[in-house]
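As stored in structure-v5.cif (mmCIF, C-alpha atoms):
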data_run
loop_
_atom_site.label_atom_id
_atom_site.label_comp_id
_atom_site.auth_asym_id
_atom_site.auth_seq_id
_atom_site.Cartn_x
_atom_site.Cartn_y
_atom_site.Cartn_z
CA MET T 1 -70.43 -85.87 -51.19
CA SER T 2 -73.07 -84.68 -48.79
CA ALA T 3 -76.68 -85.73 -49.35
CA GLU T 4 -77.69 -82.05 -49.16
CA LYS T 5 -75.40 -81.12 -52.05
CA LYS T 6 -76.51 -84.12 -54.10
CA LEU T 7 -80.21 -83.23 -53.73
CA LEU T 8 -79.52 -79.56 -54.49
CA ARG T 9 -77.58 -80.48 -57.64
CA GLN T 10 -80.49 -82.63 -58.84
CA LYS T 11 -82.99 -79.83 -58.22
CA LEU T 12 -80.85 -77.20 -59.95
CA ARG T 13 -80.03 -79.42 -62.94
CA LEU T 14 -83.74 -80.10 -63.39
CA ARG T 15 -84.43 -76.35 -63.36
CA ARG T 16 -81.71 -75.80 -65.97
CA SER T 17 -83.02 -78.63 -68.18
CA GLN T 18 -86.49 -77.07 -68.31
CA VAL T 19 -85.31 -73.90 -70.07
CA SER T 20 -86.26 -73.87 -73.74
CA SER T 21 -83.46 -73.93 -76.31
CA GLU T 22 -84.63 -70.55 -77.63
CA ILE T 23 -84.36 -68.86 -74.22
CA ARG T 24 -81.08 -70.67 -73.51
CA LYS T 25 -79.64 -69.33 -76.77
CA GLU T 26 -80.60 -65.75 -75.83
CA LYS T 27 -79.04 -66.18 -72.37
CA ASP T 28 -75.89 -67.75 -73.90
CA ASN T 29 -75.47 -64.78 -76.24
CA LEU T 30 -75.72 -62.32 -73.33
CA ILE T 31 -73.17 -64.29 -71.27
CA PHE T 32 -70.85 -64.38 -74.29
CA GLN T 33 -71.13 -60.60 -74.77
CA HIS T 34 -70.40 -59.96 -71.08
CA LEU T 35 -67.41 -62.31 -71.22
CA ILE T 36 -65.71 -60.84 -74.29
CA GLN T 37 -66.21 -57.28 -73.01
CA ASP T 38 -64.72 -58.09 -69.61
CA ALA T 39 -61.41 -56.31 -68.98
CA SER T 40 -59.84 -59.34 -67.28
CA VAL T 41 -60.64 -61.48 -70.34
CA GLN T 42 -59.50 -58.79 -72.78
CA ASN T 43 -56.17 -58.39 -70.96
CA ALA T 44 -55.50 -62.06 -70.21
CA ASP T 45 -52.32 -63.63 -71.54
CA LEU T 46 -53.97 -67.07 -71.27
CA LEU T 47 -57.62 -68.08 -71.18
CA LEU T 48 -58.59 -71.34 -69.50
CA ALA T 49 -62.02 -72.40 -70.70
CA TYR T 50 -64.01 -75.63 -70.84
CA ALA T 51 -66.07 -77.43 -73.48
CA SER T 52 -69.69 -77.02 -72.43
CA CYS T 53 -72.08 -79.88 -73.00
CA GLY T 54 -75.74 -80.65 -72.52
CA ASP T 55 -77.69 -77.77 -71.01
CA GLU T 56 -74.67 -75.99 -69.50
CA PRO T 57 -74.18 -72.35 -70.48
CA ASP T 58 -72.56 -72.39 -73.91
CA THR T 59 -68.79 -71.87 -74.08
CA TRP T 60 -68.40 -72.66 -77.79
CA GLN T 61 -68.97 -69.06 -78.93
CA PHE T 62 -66.29 -67.99 -76.48
CA ILE T 63 -63.85 -70.72 -77.59
CA ARG T 64 -64.32 -69.79 -81.27
CA TRP T 65 -63.94 -66.08 -80.43
CA ALA T 66 -60.72 -66.69 -78.46
CA LEU T 67 -59.23 -68.75 -81.29
CA ALA T 68 -60.26 -66.15 -83.92
CA GLN T 69 -58.71 -63.37 -81.77
CA GLY T 70 -55.45 -65.29 -81.57
CA LYS T 71 -55.74 -65.56 -77.78
CA LYS T 72 -53.80 -68.28 -76.00
CA LEU T 73 -56.44 -70.82 -75.05
CA ALA T 74 -56.32 -73.98 -72.99
CA LEU T 75 -58.99 -76.52 -72.06
CA PRO T 76 -58.94 -79.15 -69.31
CA LYS T 77 -58.13 -82.81 -69.52
CA CYS T 78 -59.15 -85.03 -66.62
CA GLY T 79 -56.63 -87.63 -65.56
CA GLN T 80 -56.01 -90.16 -62.86
CA ASN T 81 -56.82 -89.48 -59.20
CA GLN T 82 -59.43 -86.90 -60.27
CA GLN T 83 -56.69 -84.50 -61.34
CA MET T 84 -57.30 -81.93 -64.06
CA ARG T 85 -54.69 -80.22 -66.20
CA PHE T 86 -55.07 -77.63 -68.94
CA PHE T 87 -53.58 -78.08 -72.40
CA MET T 88 -53.26 -75.55 -75.22
CA ILE T 89 -55.52 -75.75 -78.24
CA HIS T 90 -55.08 -73.92 -81.54
CA GLN T 91 -58.22 -75.09 -83.35
CA ILE T 92 -61.46 -76.90 -82.55
CA GLU T 93 -60.01 -80.04 -84.14
CA ASP T 94 -57.55 -80.23 -81.21
CA LEU T 95 -60.44 -81.64 -79.13
CA GLN T 96 -61.88 -85.14 -78.86
CA ALA T 97 -64.19 -86.98 -76.46
CA GLY T 98 -62.44 -87.88 -73.22
CA ALA T 99 -63.49 -88.56 -69.65
CA HIS T 100 -67.26 -88.48 -69.18
CA ASP T 101 -67.58 -87.94 -73.00
CA ILE T 102 -66.53 -84.29 -72.54
CA LEU T 103 -64.41 -82.86 -75.34
CA GLU T 104 -60.83 -82.33 -74.19
CA PRO T 105 -57.49 -81.49 -75.82
CA VAL T 106 -55.50 -84.13 -77.68
CA THR T 107 -52.48 -81.82 -77.63
CA SER T 108 -49.62 -82.36 -75.18
CA GLN T 109 -48.60 -78.70 -74.68
CA ARG T 110 -49.39 -77.91 -71.03
CA ALA T 111 -50.71 -74.44 -70.27
CA VAL T 112 -48.32 -72.17 -68.36
CA ILE T 113 -50.44 -70.23 -65.91
CA THR T 114 -49.37 -66.68 -65.06
CA GLU T 115 -50.71 -63.83 -62.95
CA LYS T 116 -52.56 -62.53 -66.05
CA SER T 117 -54.33 -65.83 -66.80
CA VAL T 118 -58.11 -66.06 -66.48
CA CYS T 119 -60.04 -69.26 -65.78
CA ILE T 120 -63.68 -69.62 -66.91
CA VAL T 121 -65.30 -71.96 -64.40
CA PRO T 122 -68.49 -74.04 -64.74
CA GLY T 123 -70.91 -74.85 -61.99
CA VAL T 124 -74.43 -75.85 -61.09
CA ALA T 125 -75.05 -72.77 -58.90
CA PHE T 126 -73.26 -69.73 -57.44
CA THR T 127 -73.76 -67.03 -54.85
CA ARG T 128 -72.87 -63.36 -55.11
CA LYS T 129 -70.24 -64.06 -52.42
CA GLY T 130 -68.33 -66.22 -54.93
CA GLU T 131 -69.45 -69.59 -53.62
CA ARG T 132 -69.83 -72.30 -56.21
CA LEU T 133 -71.63 -75.62 -56.34
CA GLY T 134 -69.77 -77.69 -58.91
CA GLN T 135 -70.70 -80.89 -60.70
CA GLY T 136 -69.60 -83.00 -57.74
CA GLY T 137 -66.26 -84.39 -58.89
CA GLY T 138 -64.09 -81.77 -57.17
CA TYR T 139 -61.87 -81.34 -60.25
CA TYR T 140 -61.95 -77.53 -60.26
CA ASP T 141 -61.55 -77.22 -56.49
CA ARG T 142 -58.42 -79.41 -56.58
CA PHE T 143 -57.03 -77.56 -59.61
CA LEU T 144 -57.71 -74.09 -58.20
CA LYS T 145 -56.08 -74.94 -54.86
CA LYS T 146 -52.80 -75.15 -56.77
CA TYR T 147 -53.34 -71.64 -58.20
CA PRO T 148 -54.95 -69.58 -55.40
CA ASP T 149 -54.26 -66.27 -57.17
CA LEU T 150 -55.71 -67.35 -60.52
CA TYR T 151 -58.46 -64.98 -61.64
CA THR T 152 -61.64 -67.06 -61.80
CA VAL T 153 -64.79 -66.11 -63.71
CA ALA T 154 -67.78 -68.36 -63.11
CA ILE T 155 -70.48 -68.31 -65.77
CA GLY T 156 -74.10 -69.26 -65.37
CA TYR T 157 -77.69 -68.29 -66.05
CA ASP T 158 -79.43 -65.75 -63.81
CA PHE T 159 -81.53 -68.48 -62.19
CA MET T 160 -78.33 -70.29 -61.13
CA ILE T 161 -77.62 -67.58 -58.52
CA GLU T 162 -78.64 -68.69 -55.03
CA ASP T 163 -78.71 -66.73 -51.76
CA SER T 164 -76.60 -69.42 -50.07
CA LEU T 165 -75.01 -72.77 -50.87
CA PRO T 166 -73.71 -75.60 -48.69
CA CYS T 167 -70.00 -74.85 -48.99
CA GLU T 168 -67.09 -76.58 -47.31
CA ALA T 169 -63.56 -75.46 -46.43
CA HIS T 170 -62.09 -77.03 -49.59
CA ASP T 171 -64.55 -75.20 -51.90
CA PHE T 172 -62.78 -72.49 -53.88
CA LEU T 173 -64.39 -69.03 -54.10
CA MET T 174 -64.83 -67.35 -57.49
CA LYS T 175 -63.53 -63.84 -58.10
CA LYS T 176 -66.26 -62.86 -60.57
CA ILE T 177 -69.69 -64.24 -61.52
CA ILE T 178 -71.09 -63.51 -64.99
CA THR T 179 -74.67 -64.36 -65.88
CA ASP T 180 -76.96 -63.22 -68.66
CA THR T 181 -78.32 -60.41 -66.46
CA GLU T 182 -75.46 -59.37 -64.16
CA ILE T 183 -71.74 -59.20 -63.54
CA THR T 184 -70.68 -59.54 -59.93
CA GLU T 185 -67.13 -58.71 -58.87
CA VAL T 186 -66.64 -60.59 -55.60
CA ALA T 187 -64.83 -58.85 -52.75
CA HIS T 188 -62.87 -61.41 -50.74
CA GLU T 189 -61.49 -60.69 -47.31
CA VAL T 190 -57.72 -60.87 -47.16
#

Show me this structure written as structure tokens.
Amino acid sequence: MSAEKKLLRQKLRLRRSQVSSEIRKEKDNLIFQHLIQDASVQNADLLLAYASCGDEPDTWQFIRWALAQGKKLALPKCGQNQQMRFFMIHQIEDLQAGAHDILEPVTSQRAVITEKSVCIVPGVAFTRKGERLGQGGGYYDRFLKKYPDLYTVAIGYDFMIEDSLPCEAHDFLMKKIITDTEITEVAHEV
């Protein structure tokens, strides 16, 4: 991990941690509304989400909504060699603390990813060009390399959008960025 990325992550995490819980809740509600109204999410045959923790943008409203809507929903489980796989969940009780104390599925039914699947992706920061600064483990970049056509929706707060980020060749570009104040469809060159 480059020193530049490490310092940037620290700075951005500090900024995120200084937002009051009241403001965070308002921002989370706006992100949730944008997510559930998004056509790609509405039309997905499988939603890949993650269990937010700490001061990350909340995904729990979205997880509960997906389950209540009867949507197929899978969350990640981190394994050996920094590999991540998604497993189906049918209720909140299908989750328990796993790697890094993050809630992950206890089920063994692997998600079958199709061309209509949508992956909700976390991050520390994003650009409007689809660049993403992740947590630093590389889990999502390795996972997404296996599914280059998977429709990716990064979620974050408006202050998590940067003009530029130190990106490398292995960093995977997002297809859409949703914050509390904007929705950015990213145009990638073919």

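Picture a line from CA of Glu4 (chain T) to CA of Cys167 (chain T); it runs 10.5 Å.
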
Ala169 (chain T) environment, 12 Å, all atoms listed in the file, sequence neighbours closer than 3 positions dropped, as a PyMOL selection string
chain T and resi 131+141+145+166+172-173

Residue contacts of region 114-129 of chain T (9 Å, only C-alpha atoms) excluding same-chain residues fewer than 6 positions away, as a PyMOL selection string:
chain T and resi 9+12-13+16+40-41+43-50+52+56-57+135+140+149-157+159-165+173-177+184-188

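Shortest atom-to-atom contact with Leu144 (chain T) among T:Glu182, T:Asp158, T:Glu22, T:Asp171: T:Asp171, counting only C-alpha atoms.
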
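Ranking T:Glu93, T:Asp28, T:Asp58, T:Glu104 by their shortest atom-to-atom distance to Cys78 (chain T), with all atoms listed in the file included, puts T:Glu104 first.
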
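Closest approach to Gln83 (chain T) among T:Ile36, T:Phe143, T:Arg132, T:Gln109 is made by T:Phe143 (distances from all atoms listed in the file).
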
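Applied to the file shown here, the PyMOL selection byres ((chain T and resi 29) around 12) selects the residues Glu22, Ile23, Arg24, Lys25, Glu26, Lys27, Asp28, Leu30, Ile31, Phe32, Gln33, His34, Leu35, Ile36, Pro57, Asp58, Thr59, Trp60, Gln61, Phe62, Gly156, Tyr157, Thr179, Asp180 and Thr181 of chain T.
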
So how far away is CA of Glu168 (chain T) from CA of Phe86 (chain T), in Å?
24.8 Å

Evaluate the PyMOL selection byres ((chain T and resi 106) around 9) and report residues as a ChimeraX atom specification:
/T:77,87,89,93-96,104-105,107-108

If you count all atoms listed in the file, the residue of T:Asn81, T:Ser21, T:Pro148, T:Pro76 closest to Gly98 (chain T) turns out to be T:Pro76

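Using all atoms listed in the file for every distance, the candidate list T:His100, T:Lys72, T:Arg142, T:His90 yields T:Lys72 as the residue closest to Ile113 (chain T).
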
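Relative to CA of Leu133 (chain T), CA of Arg15 (chain T) is found at 14.6 Å.
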
Shortest contact to Arg110 (chain T), candidates T:Tyr139, T:Gln37, T:Leu75, T:Lys146, atoms counted all atoms listed in the file, goes to T:Leu75
